[in-house]
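So this one's work08.cif, mmCIF, C-alpha atoms and all ligand atoms:
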```cif
data_structure
loop_
_atom_site.group_PDB
_atom_site.id
_atom_site.type_symbol
_atom_site.label_atom_id
_atom_site.label_comp_id
_atom_site.auth_asym_id
_atom_site.auth_seq_id
_atom_site.Cartn_x
_atom_site.Cartn_y
_atom_site.Cartn_z
ATOM 1 C CA MET A 562 -10.283 5.683 -2.802
ATOM 2 C CA SER A 563 -8.029 7.754 -5.038
ATOM 3 C CA ALA A 564 -4.366 8.410 -4.574
ATOM 4 C CA PRO A 565 -3.560 12.044 -3.937
ATOM 5 C CA VAL A 566 -0.529 11.579 -6.100
ATOM 6 C CA ALA A 567 1.035 13.260 -9.048
ATOM 7 C CA LEU A 568 3.133 10.537 -10.668
ATOM 8 C CA SER A 569 4.384 11.408 -14.110
ATOM 9 C CA PRO A 570 2.436 9.760 -16.944
ATOM 10 C CA ALA A 571 5.480 7.558 -17.624
ATOM 11 C CA GLN A 572 5.531 6.473 -13.978
ATOM 12 C CA VAL A 573 1.837 5.636 -14.090
ATOM 13 C CA VAL A 574 2.562 3.375 -17.079
ATOM 14 C CA LEU A 575 5.418 1.657 -15.224
ATOM 15 C CA VAL A 576 3.349 1.104 -12.089
ATOM 16 C CA ARG A 577 0.366 -0.178 -14.061
ATOM 17 C CA ALA A 578 2.405 -2.506 -16.300
ATOM 18 C CA SER A 579 4.366 -4.035 -13.431
ATOM 19 C CA TYR A 580 1.241 -4.436 -11.301
ATOM 20 C CA ALA A 581 -0.586 -6.124 -14.179
ATOM 21 C CA ALA A 582 2.350 -8.531 -14.620
ATOM 22 C CA ILE A 583 2.496 -9.332 -10.905
ATOM 23 C CA THR A 584 -1.242 -9.861 -10.523
ATOM 24 C CA ARG A 585 -1.248 -12.201 -13.544
ATOM 25 C CA LEU A 586 1.050 -14.601 -11.691
ATOM 26 C CA GLU A 587 -0.481 -17.601 -10.027
ATOM 27 C CA GLN A 588 0.952 -16.667 -6.661
ATOM 28 C CA ASP A 589 -0.880 -13.955 -4.714
ATOM 29 C CA TYR A 590 1.589 -11.133 -4.079
ATOM 30 C CA SER A 591 -0.399 -9.980 -1.063
ATOM 31 C CA ALA A 592 -0.058 -13.354 0.691
ATOM 32 C CA ARG A 593 3.640 -13.381 -0.106
ATOM 33 C CA PHE A 594 4.011 -9.805 1.116
ATOM 34 C CA TYR A 595 2.463 -10.611 4.508
ATOM 35 C CA HIS A 596 4.573 -13.751 4.817
ATOM 36 C CA ARG A 597 7.717 -11.693 4.225
ATOM 37 C CA LEU A 598 6.601 -8.872 6.512
ATOM 38 C CA LEU A 599 6.082 -11.255 9.457
ATOM 39 C CA GLU A 600 9.351 -13.021 8.668
ATOM 40 C CA ARG A 601 11.429 -9.848 8.411
ATOM 41 C CA HIS A 602 9.666 -7.889 11.172
ATOM 42 C CA PRO A 603 8.323 -10.508 13.599
ATOM 43 C CA PHE A 604 6.937 -7.862 15.959
ATOM 44 C CA THR A 605 4.192 -7.183 13.382
ATOM 45 C CA ARG A 606 2.710 -10.651 14.074
ATOM 46 C CA ALA A 607 1.135 -9.334 17.287
ATOM 47 C CA LEU A 608 -0.544 -6.434 15.446
ATOM 48 C CA PHE A 609 -2.541 -8.636 13.057
ATOM 49 C CA PRO A 610 -5.271 -11.196 13.745
ATOM 50 C CA ASP A 611 -4.189 -14.860 13.731
ATOM 51 C CA ASP A 612 -6.014 -15.498 10.489
ATOM 52 C CA LEU A 613 -4.622 -13.178 7.825
ATOM 53 C CA THR A 614 -6.969 -14.280 5.031
ATOM 54 C CA ARG A 615 -9.162 -11.203 5.190
ATOM 55 C CA GLN A 616 -6.244 -8.832 5.615
ATOM 56 C CA ILE A 617 -4.489 -10.305 2.566
ATOM 57 C CA SER A 618 -7.507 -9.733 0.371
ATOM 58 C CA VAL A 619 -8.425 -6.284 1.765
ATOM 59 C CA PHE A 620 -4.875 -5.013 1.271
ATOM 60 C CA ARG A 621 -4.836 -6.288 -2.333
ATOM 61 C CA LEU A 622 -8.199 -4.653 -3.056
ATOM 62 C CA THR A 623 -6.940 -1.340 -1.655
ATOM 63 C CA VAL A 624 -3.866 -1.409 -3.882
ATOM 64 C CA ASP A 625 -6.069 -2.421 -6.853
ATOM 65 C CA ALA A 626 -8.236 0.663 -6.245
ATOM 66 C CA LEU A 627 -5.268 2.992 -5.865
ATOM 67 C CA ILE A 628 -3.739 1.766 -9.117
ATOM 68 C CA ALA A 629 -7.015 1.875 -11.037
ATOM 69 C CA GLN A 630 -7.596 5.505 -10.061
ATOM 70 C CA LEU A 631 -4.029 6.720 -10.450
ATOM 71 C CA ASP A 632 -4.449 9.014 -13.413
ATOM 72 C CA GLN A 633 -8.139 9.752 -13.126
ATOM 73 C CA PRO A 634 -8.876 13.369 -12.368
ATOM 74 C CA GLU A 635 -10.343 13.236 -8.925
ATOM 75 C CA ALA A 636 -13.901 14.361 -8.597
ATOM 76 C CA GLN A 637 -13.395 14.850 -4.883
ATOM 77 C CA PRO A 638 -9.764 15.468 -4.052
ATOM 78 C CA GLY A 639 -10.535 16.493 -0.488
ATOM 79 C CA ALA A 640 -12.587 13.373 0.152
ATOM 80 C CA ALA A 641 -9.896 11.078 -1.327
ATOM 81 C CA ARG A 642 -7.231 12.578 0.909
ATOM 82 C CA ALA A 643 -9.546 12.364 3.866
ATOM 83 C CA ALA A 644 -10.231 8.662 3.161
ATOM 84 C CA LEU A 645 -6.498 7.903 3.299
ATOM 85 C CA ALA A 646 -6.113 10.077 6.398
ATOM 86 C CA GLU A 647 -8.940 8.109 8.023
ATOM 87 C CA LEU A 648 -7.317 4.818 7.011
ATOM 88 C CA GLY A 649 -4.132 6.132 8.615
ATOM 89 C CA GLN A 650 -6.009 7.134 11.763
ATOM 90 C CA ARG A 651 -7.402 3.603 12.071
ATOM 91 C CA HIS A 652 -3.818 2.354 11.802
ATOM 92 C CA VAL A 653 -2.901 4.395 14.870
ATOM 93 C CA GLY A 654 -5.587 2.374 16.660
ATOM 94 C CA TYR A 655 -4.031 -0.863 15.332
ATOM 95 C CA GLY A 656 -0.764 0.115 17.051
ATOM 96 C CA VAL A 657 1.041 1.113 13.840
ATOM 97 C CA LEU A 658 3.814 3.692 14.307
ATOM 98 C CA THR A 659 5.179 6.129 11.748
ATOM 99 C CA HIS A 660 8.454 4.281 11.209
ATOM 100 C CA HIS A 661 6.580 1.041 10.437
ATOM 101 C CA TYR A 662 5.539 2.538 7.093
ATOM 102 C CA ALA A 663 9.124 2.338 5.854
ATOM 103 C CA TYR A 664 9.292 -1.370 6.783
ATOM 104 C CA VAL A 665 6.055 -2.133 4.967
ATOM 105 C CA GLY A 666 7.079 -0.136 1.885
ATOM 106 C CA GLU A 667 10.399 -1.902 1.601
ATOM 107 C CA VAL A 668 8.939 -5.377 2.059
ATOM 108 C CA LEU A 669 6.161 -4.637 -0.453
ATOM 109 C CA LEU A 670 8.557 -3.381 -3.123
ATOM 110 C CA ASP A 671 10.992 -6.240 -2.504
ATOM 111 C CA THR A 672 8.078 -8.653 -2.940
ATOM 112 C CA PHE A 673 7.138 -6.993 -6.231
ATOM 113 C CA ALA A 674 10.759 -7.013 -7.406
ATOM 114 C CA GLU A 675 11.166 -10.688 -6.565
ATOM 115 C CA MET A 676 7.940 -11.682 -8.293
ATOM 116 C CA ALA A 677 8.300 -9.464 -11.380
ATOM 117 C CA GLY A 678 11.934 -10.407 -11.960
ATOM 118 C CA ASP A 679 13.750 -8.517 -14.726
ATOM 119 C CA GLY A 680 10.625 -6.497 -15.518
ATOM 120 C CA PHE A 681 11.044 -4.620 -12.246
ATOM 121 C CA ASP A 682 13.813 -2.241 -13.253
ATOM 122 C CA ALA A 683 15.168 0.798 -11.403
ATOM 123 C CA ALA A 684 12.696 3.232 -12.988
ATOM 124 C CA THR A 685 9.793 0.961 -12.041
ATOM 125 C CA ARG A 686 10.986 0.740 -8.438
ATOM 126 C CA THR A 687 11.372 4.531 -8.280
ATOM 127 C CA ALA A 688 7.818 4.963 -9.568
ATOM 128 C CA TRP A 689 6.480 2.578 -6.892
ATOM 129 C CA GLU A 690 8.519 4.365 -4.238
ATOM 130 C CA ALA A 691 6.918 7.667 -5.260
ATOM 131 C CA LEU A 692 3.444 6.134 -5.087
ATOM 132 C CA TYR A 693 4.024 4.426 -1.742
ATOM 133 C CA ALA A 694 5.561 7.577 -0.224
ATOM 134 C CA ALA A 695 2.566 9.668 -1.296
ATOM 135 C CA VAL A 696 0.045 7.154 0.063
ATOM 136 C CA ALA A 697 1.944 6.776 3.360
ATOM 137 C CA GLN A 698 2.175 10.558 3.614
ATOM 138 C CA ALA A 699 -1.565 10.912 3.097
ATOM 139 C CA MET A 700 -2.207 8.219 5.739
ATOM 140 C CA LEU A 701 0.080 10.003 8.185
ATOM 141 C CA ASP A 702 -1.406 13.450 7.592
ATOM 142 C CA PRO A 703 -3.395 14.829 10.485
ATOM 143 C CA PRO A 704 -7.080 14.016 9.974
ATOM 144 C CA VAL A 705 -9.031 16.593 8.015
ATOM 145 C CA PRO A 706 -12.065 17.805 9.967
ATOM 146 C CA ALA A 707 -15.206 17.055 7.919
ATOM 147 C CA ALA A 708 -16.170 20.736 7.824
ATOM 148 C CA GLU A 709 -12.912 21.648 6.077
ATOM 149 C CA ARG A 710 -13.095 19.006 3.355
ATOM 150 C CA LYS A 711 -13.394 20.303 -0.155
ATOM 151 C CA PRO A 712 -16.722 19.392 -1.762
HETATM 152 C C1 LIG B 801 0.257 2.024 2.140
HETATM 153 C C2 LIG B 801 0.169 1.569 3.371
HETATM 154 C C3 LIG B 801 -0.963 0.733 3.911
HETATM 155 C C4 LIG B 801 -2.169 0.398 3.363
HETATM 156 C C5 LIG B 801 -2.737 0.790 1.984
HETATM 157 C C6 LIG B 801 -2.871 -0.414 4.342
HETATM 158 C C7 LIG B 801 -4.146 -0.932 4.172
HETATM 159 C C8 LIG B 801 -4.889 -1.534 5.172
HETATM 160 C C9 LIG B 801 -6.293 -1.842 5.085
HETATM 161 C C10 LIG B 801 -7.205 -1.541 3.888
HETATM 162 C C11 LIG B 801 -6.659 -2.418 6.272
HETATM 163 C C12 LIG B 801 -8.078 -2.924 6.633
HETATM 164 C C13 LIG B 801 -8.675 -2.237 7.822
HETATM 165 C C14 LIG B 801 -9.084 -0.797 7.603
HETATM 166 O O1 LIG B 801 -9.520 -0.402 6.505
HETATM 167 O O2 LIG B 801 -8.938 -0.028 8.577
HETATM 168 C C15 LIG B 801 -5.470 -2.476 7.093
HETATM 169 C C16 LIG B 801 -5.404 -2.990 8.380
HETATM 170 C C17 LIG B 801 -4.239 -3.128 9.108
HETATM 171 N N1 LIG B 801 -2.975 -2.730 8.730
HETATM 172 FE FE1 LIG B 801 -2.518 -1.651 7.098
HETATM 173 N N2 LIG B 801 -2.067 -0.578 5.428
HETATM 174 C C18 LIG B 801 -0.898 0.107 5.205
HETATM 175 C C19 LIG B 801 0.173 0.212 6.074
HETATM 176 C C20 LIG B 801 0.322 -0.516 7.218
HETATM 177 C C21 LIG B 801 1.504 -0.513 8.042
HETATM 178 C C22 LIG B 801 2.759 0.323 7.822
HETATM 179 C C23 LIG B 801 1.289 -1.388 9.051
HETATM 180 C C24 LIG B 801 2.292 -1.744 10.139
HETATM 181 C C25 LIG B 801 2.673 -2.978 10.373
HETATM 182 C C26 LIG B 801 -0.071 -1.920 8.894
HETATM 183 C C27 LIG B 801 -0.727 -2.799 9.742
HETATM 184 C C28 LIG B 801 -2.091 -3.044 9.730
HETATM 185 C C29 LIG B 801 -2.817 -3.690 10.826
HETATM 186 C C30 LIG B 801 -2.212 -4.186 12.142
HETATM 187 C C31 LIG B 801 -4.173 -3.753 10.435
HETATM 188 C C32 LIG B 801 -5.372 -4.279 11.253
HETATM 189 C C33 LIG B 801 -5.592 -5.735 11.174
HETATM 190 C C34 LIG B 801 -6.823 -6.095 11.982
HETATM 191 O O3 LIG B 801 -6.784 -5.944 13.207
HETATM 192 O O4 LIG B 801 -7.808 -6.527 11.376
HETATM 193 N N3 LIG B 801 -0.609 -1.378 7.756
HETATM 194 N N4 LIG B 801 -4.410 -1.944 6.403
#
```
Would you mind writing the structure in this file as structure tokens?
Ligand code: HEM
Amino acid sequence: MSAPVALSPAQVVLVRASYAAITRLEQDYSARFYHRLLERHPFTRALFPDDLTRQISVFRLTVDALIAQLDQPEAQPGAARAALAELGQRHVGYGVLTHHYAYVGEVLLDTFAEMAGDGFDAATRTAWEALYAAVAQAMLDPPVPAAERKP
């Protein structure tokens, strides 16, 4: 899945470098993120299955893929957008509401900031905010009918 995002090249570098630093740490950021999300927004507990193990790893793999493909010219821009729109549609089925995206974005970036320490400066946070906003936007877009997808 590619991100339908135009971050500046400098922002791509900041996102990549900070993500590499965070994923090198012994602690799994995704596990910490979910722990913080449930702590800060306890209502989300009821949305997820009791055992979060799979969710923690699937979320991390999704972010891995988004980061890896950040600056690759997309072979299928329409399909990439549609994949995020479909992911967003499934979230409607999970009971996720539009305003929940802001909660998740804030908790995720706070988790990164806490784990990356001084390396997570203001420019890095702004770059992540731009990425998260674009992904959330693509997930919240109305679904693209298959017939209208670009080849
Ligand atoms: C950038 C934003 C997000 C990404 C990349 C993301 C990613 C994912 C992925 C990959 C799954 C696995 C299931 C599937 O593919 O359909 C999933 C499930 C789920 N996500 Fe998200 N998500 C995001 C935002 C949110 C938000 C804002 C919430 C609100 C609390 C949320 C709650 C859930 C829930 C409840 C499930 C289903 C768990 C289950 O029943 O197995 N997600 N998410």
- If you measure from CA of Leu648 in chain A to atom O1 of ligand LIG 801 (chain B), what distance in Å do you get, rounded to one decimal? 5.7 Å
- atom C19 of ligand LIG 801 (chain B) to CA of Asp702 in chain A, distance in Å rounded to a single decimal: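 About the pair atom C19 of ligand LIG 801 (chain B) and CA of Asp702 in chain A: they are 13.4 Å apart.
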- Could you work out how far atom C19 of ligand LIG 801 (chain B) lies from CA of Leu645 in chain A, giving the answer in Å with one decimal? 10.6 Å
- Task: Quick one: everything within 8 Å of range 654-668 of chain A, counting all atoms listed in the file, minus sequence neighbours fewer than 5 positions away in the same chain. Send it as a PyMOL selection string.
- Result: chain A and resi 594+597-598+602+608+690+693+697+701
- Message: Considering all atoms listed in the file, can you say which of A:Thr623, A:Thr584, A:Thr614, A:Ser569 comes closest to ligand LIG 801 (chain B)?
- Response: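 Of all the options, A:Thr623 lies closest to ligand LIG 801 (chain B).
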- Task: Enumerate, as an MDAnalysis selection string, the residues matched when the PyMOL selection byres (((chain A and resi 571-575) around 8) and not hetatm) is run on the file above.
- Result: chainID A and resid 568:570 576:579 631:632 684:685 688
- Task: Select, counting all atoms listed in the file, all protein, DNA and RNA residues no farther than 12 Å from (9.1, -13.9, -12.4) in file coordinates, and express the selection as a PyMOL selection string.
- Result: chain A and resi 579+582-588+590+672-681
- Shortest interatomic distance to ligand LIG 801 (chain B) - which of A:Arg615, A:Arg686, A:Arg593, A:Arg601, counting all atoms listed in the file: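 For ligand LIG 801 (chain B), the nearest of the candidates is A:Arg615.
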Please return the centre and edge lengths, in Å to one decimal, of a box with edges along x, y and z that contains all listed atoms of range 594-610 of chain A, widened by 5 Å on every side, as AutoDock Vina command-line options.
```
--center_x 3.1 --center_y -10.1 --center_z 9.2 --size_x 26.7 --size_y 17.3 --size_z 26.2
```
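Using all atoms listed in the file for every distance, the candidate list A:Ala699, A:Ala683, A:Val653, A:Ala592 yields A:Ala592 as the residue closest to Arg621 in chain A.
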- Query: From the set A:Val696, A:Ala646, A:Phe604, A:Ser591, which residue has the shortest atom-to-atom contact distance to ligand LIG 801 (chain B), counting only C-alpha atoms and all ligand atoms?
  - Reply: A:Val696
- Item | Nearest to ligand LIG 801 (chain B) by atom-to-atom distance, counting only C-alpha atoms and all ligand atoms, from A:Leu599, A:Val619, A:Leu669, A:Leu627 |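 Result for the nearest residue to ligand LIG 801 (chain B): A:Val619.
When all atoms listed in the file are used to measure the gap to Ile617 in chain A, the shortest distance among A:Glu647, A:Asp682, A:Asp589, A:Glu600 belongs to A:Asp589.
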Writing C-alpha atoms and nothing else, produce range 578-702 of chain A as a short mmCIF file (atom, residue, chain, number, x, y, z; two decimals), in the first residue's frame.
```cif
data_model
loop_
_atom_site.label_atom_id
_atom_site.label_comp_id
_atom_site.auth_asym_id
_atom_site.auth_seq_id
_atom_site.Cartn_x
_atom_site.Cartn_y
_atom_site.Cartn_z
CA ALA A 578 15.40 8.59 9.97
CA SER A 579 13.16 8.90 13.02
CA TYR A 580 11.27 5.72 12.15
CA ALA A 581 14.54 3.82 11.70
CA ALA A 582 15.72 5.06 15.12
CA ILE A 583 12.45 4.10 16.81
CA THR A 584 12.26 0.65 15.24
CA ARG A 585 15.87 -0.06 16.28
CA LEU A 586 14.88 0.25 19.94
CA GLU A 587 14.25 -2.91 21.88
CA GLN A 588 10.76 -1.82 22.84
CA ASP A 589 8.06 -2.25 20.19
CA TYR A 590 6.55 1.17 19.52
CA SER A 591 3.33 -0.40 18.30
CA ALA A 592 2.74 -2.22 21.60
CA ARG A 593 3.50 0.98 23.48
CA PHE A 594 1.21 2.96 21.20
CA TYR A 595 -1.75 0.65 21.86
CA HIS A 596 -1.05 0.68 25.59
CA ARG A 597 -1.14 4.48 25.57
CA LEU A 598 -4.21 4.64 23.33
CA LEU A 599 -6.24 2.43 25.69
CA GLU A 600 -4.93 4.34 28.70
CA ARG A 601 -5.70 7.79 27.30
CA HIS A 602 -8.94 6.88 25.50
CA PRO A 603 -10.41 3.94 27.45
CA PHE A 604 -13.49 3.77 25.22
CA THR A 605 -11.26 2.32 22.47
CA ARG A 606 -10.81 -0.87 24.55
CA ALA A 607 -14.27 -2.05 23.48
CA LEU A 608 -13.45 -1.58 19.78
CA PHE A 609 -10.48 -3.98 19.77
CA PRO A 610 -10.32 -7.72 20.44
CA ASP A 611 -9.14 -8.76 23.92
CA ASP A 612 -5.86 -10.04 22.55
CA LEU A 613 -4.08 -7.18 20.80
CA THR A 614 -1.08 -9.21 19.62
CA ARG A 615 -2.20 -9.43 16.01
CA GLN A 616 -3.36 -5.83 15.89
CA ILE A 617 -0.01 -4.61 17.23
CA SER A 618 1.89 -6.42 14.51
CA VAL A 619 -0.52 -5.61 11.65
CA PHE A 620 -0.46 -1.90 12.51
CA ARG A 621 3.36 -1.90 12.58
CA LEU A 622 3.53 -3.70 9.23
CA THR A 623 1.15 -1.15 7.69
CA VAL A 624 3.28 1.76 8.88
CA ASP A 625 6.42 -0.07 7.66
CA ALA A 626 4.86 -0.35 4.18
CA LEU A 627 3.76 3.28 4.11
CA ILE A 628 7.23 4.48 5.07
CA ALA A 629 9.02 2.16 2.65
CA GLN A 630 6.94 3.43 -0.27
CA LEU A 631 6.92 7.10 0.66
CA ASP A 632 9.00 8.49 -2.16
CA GLN A 633 8.49 5.77 -4.73
CA PRO A 634 6.62 6.94 -7.78
CA GLU A 635 3.40 5.04 -7.59
CA ALA A 636 2.73 2.62 -10.37
CA GLN A 637 -0.94 2.64 -9.50
CA PRO A 638 -1.93 5.83 -7.74
CA GLY A 639 -5.63 5.10 -8.03
CA ALA A 640 -5.25 1.63 -6.56
CA ALA A 641 -3.11 2.91 -3.64
CA ARG A 642 -5.71 5.52 -2.74
CA ALA A 643 -8.45 2.96 -3.08
CA ALA A 644 -6.60 0.56 -0.74
CA LEU A 645 -6.49 3.23 1.98
CA ALA A 646 -10.12 4.15 1.30
CA GLU A 647 -11.04 0.47 1.70
CA LEU A 648 -9.03 0.26 4.92
CA GLY A 649 -10.97 3.31 6.09
CA GLN A 650 -14.27 1.72 5.09
CA ARG A 651 -13.44 -1.36 7.17
CA HIS A 652 -12.79 1.00 10.08
CA VAL A 653 -16.35 2.30 9.80
CA GLY A 654 -17.40 -1.32 10.36
CA TYR A 655 -15.11 -1.51 13.42
CA GLY A 656 -17.05 1.41 14.93
CA VAL A 657 -14.33 4.01 14.31
CA LEU A 658 -15.59 7.59 13.95
CA THR A 659 -13.94 10.47 12.12
CA HIS A 660 -12.85 12.31 15.26
CA HIS A 661 -11.08 9.17 16.56
CA TYR A 662 -8.39 9.70 13.92
CA ALA A 663 -7.15 12.79 15.75
CA TYR A 664 -6.85 10.80 19.01
CA VAL A 665 -4.89 8.03 17.32
CA GLY A 666 -2.60 10.49 15.51
CA GLU A 667 -1.77 12.36 18.68
CA VAL A 668 -1.10 9.23 20.72
CA LEU A 669 1.05 7.76 17.92
CA LEU A 670 3.18 10.89 17.57
CA ASP A 671 3.50 11.28 21.34
CA THR A 672 4.68 7.67 21.49
CA PHE A 673 7.28 8.35 18.79
CA ALA A 674 8.39 11.55 20.52
CA GLU A 675 8.77 9.80 23.86
CA MET A 676 10.72 6.90 22.39
CA ALA A 677 12.94 8.92 20.03
CA GLY A 678 13.79 11.54 22.65
CA ASP A 679 15.81 14.54 21.45
CA GLY A 680 15.92 13.16 17.90
CA PHE A 681 12.22 13.92 17.52
CA ASP A 682 12.42 17.65 16.93
CA ALA A 683 9.70 20.06 15.79
CA ALA A 684 10.43 19.58 12.07
CA THR A 685 10.25 15.80 12.49
CA ARG A 686 6.91 16.03 14.28
CA THR A 687 5.55 18.33 11.56
CA ALA A 688 6.63 15.84 8.89
CA TRP A 689 4.86 12.99 10.73
CA GLU A 690 1.77 15.15 11.16
CA ALA A 691 1.69 15.76 7.40
CA LEU A 692 2.02 12.03 6.71
CA TYR A 693 -0.61 11.01 9.26
CA ALA A 694 -3.05 13.69 8.04
CA ALA A 695 -2.70 12.50 4.44
CA VAL A 696 -3.19 8.84 5.37
CA ALA A 697 -6.20 9.62 7.59
CA GLN A 698 -7.64 11.77 4.82
CA ALA A 699 -7.26 8.95 2.31
CA MET A 700 -8.91 6.52 4.77
CA LEU A 701 -11.80 8.93 5.29
CA ASP A 702 -12.33 9.62 1.59
#
```
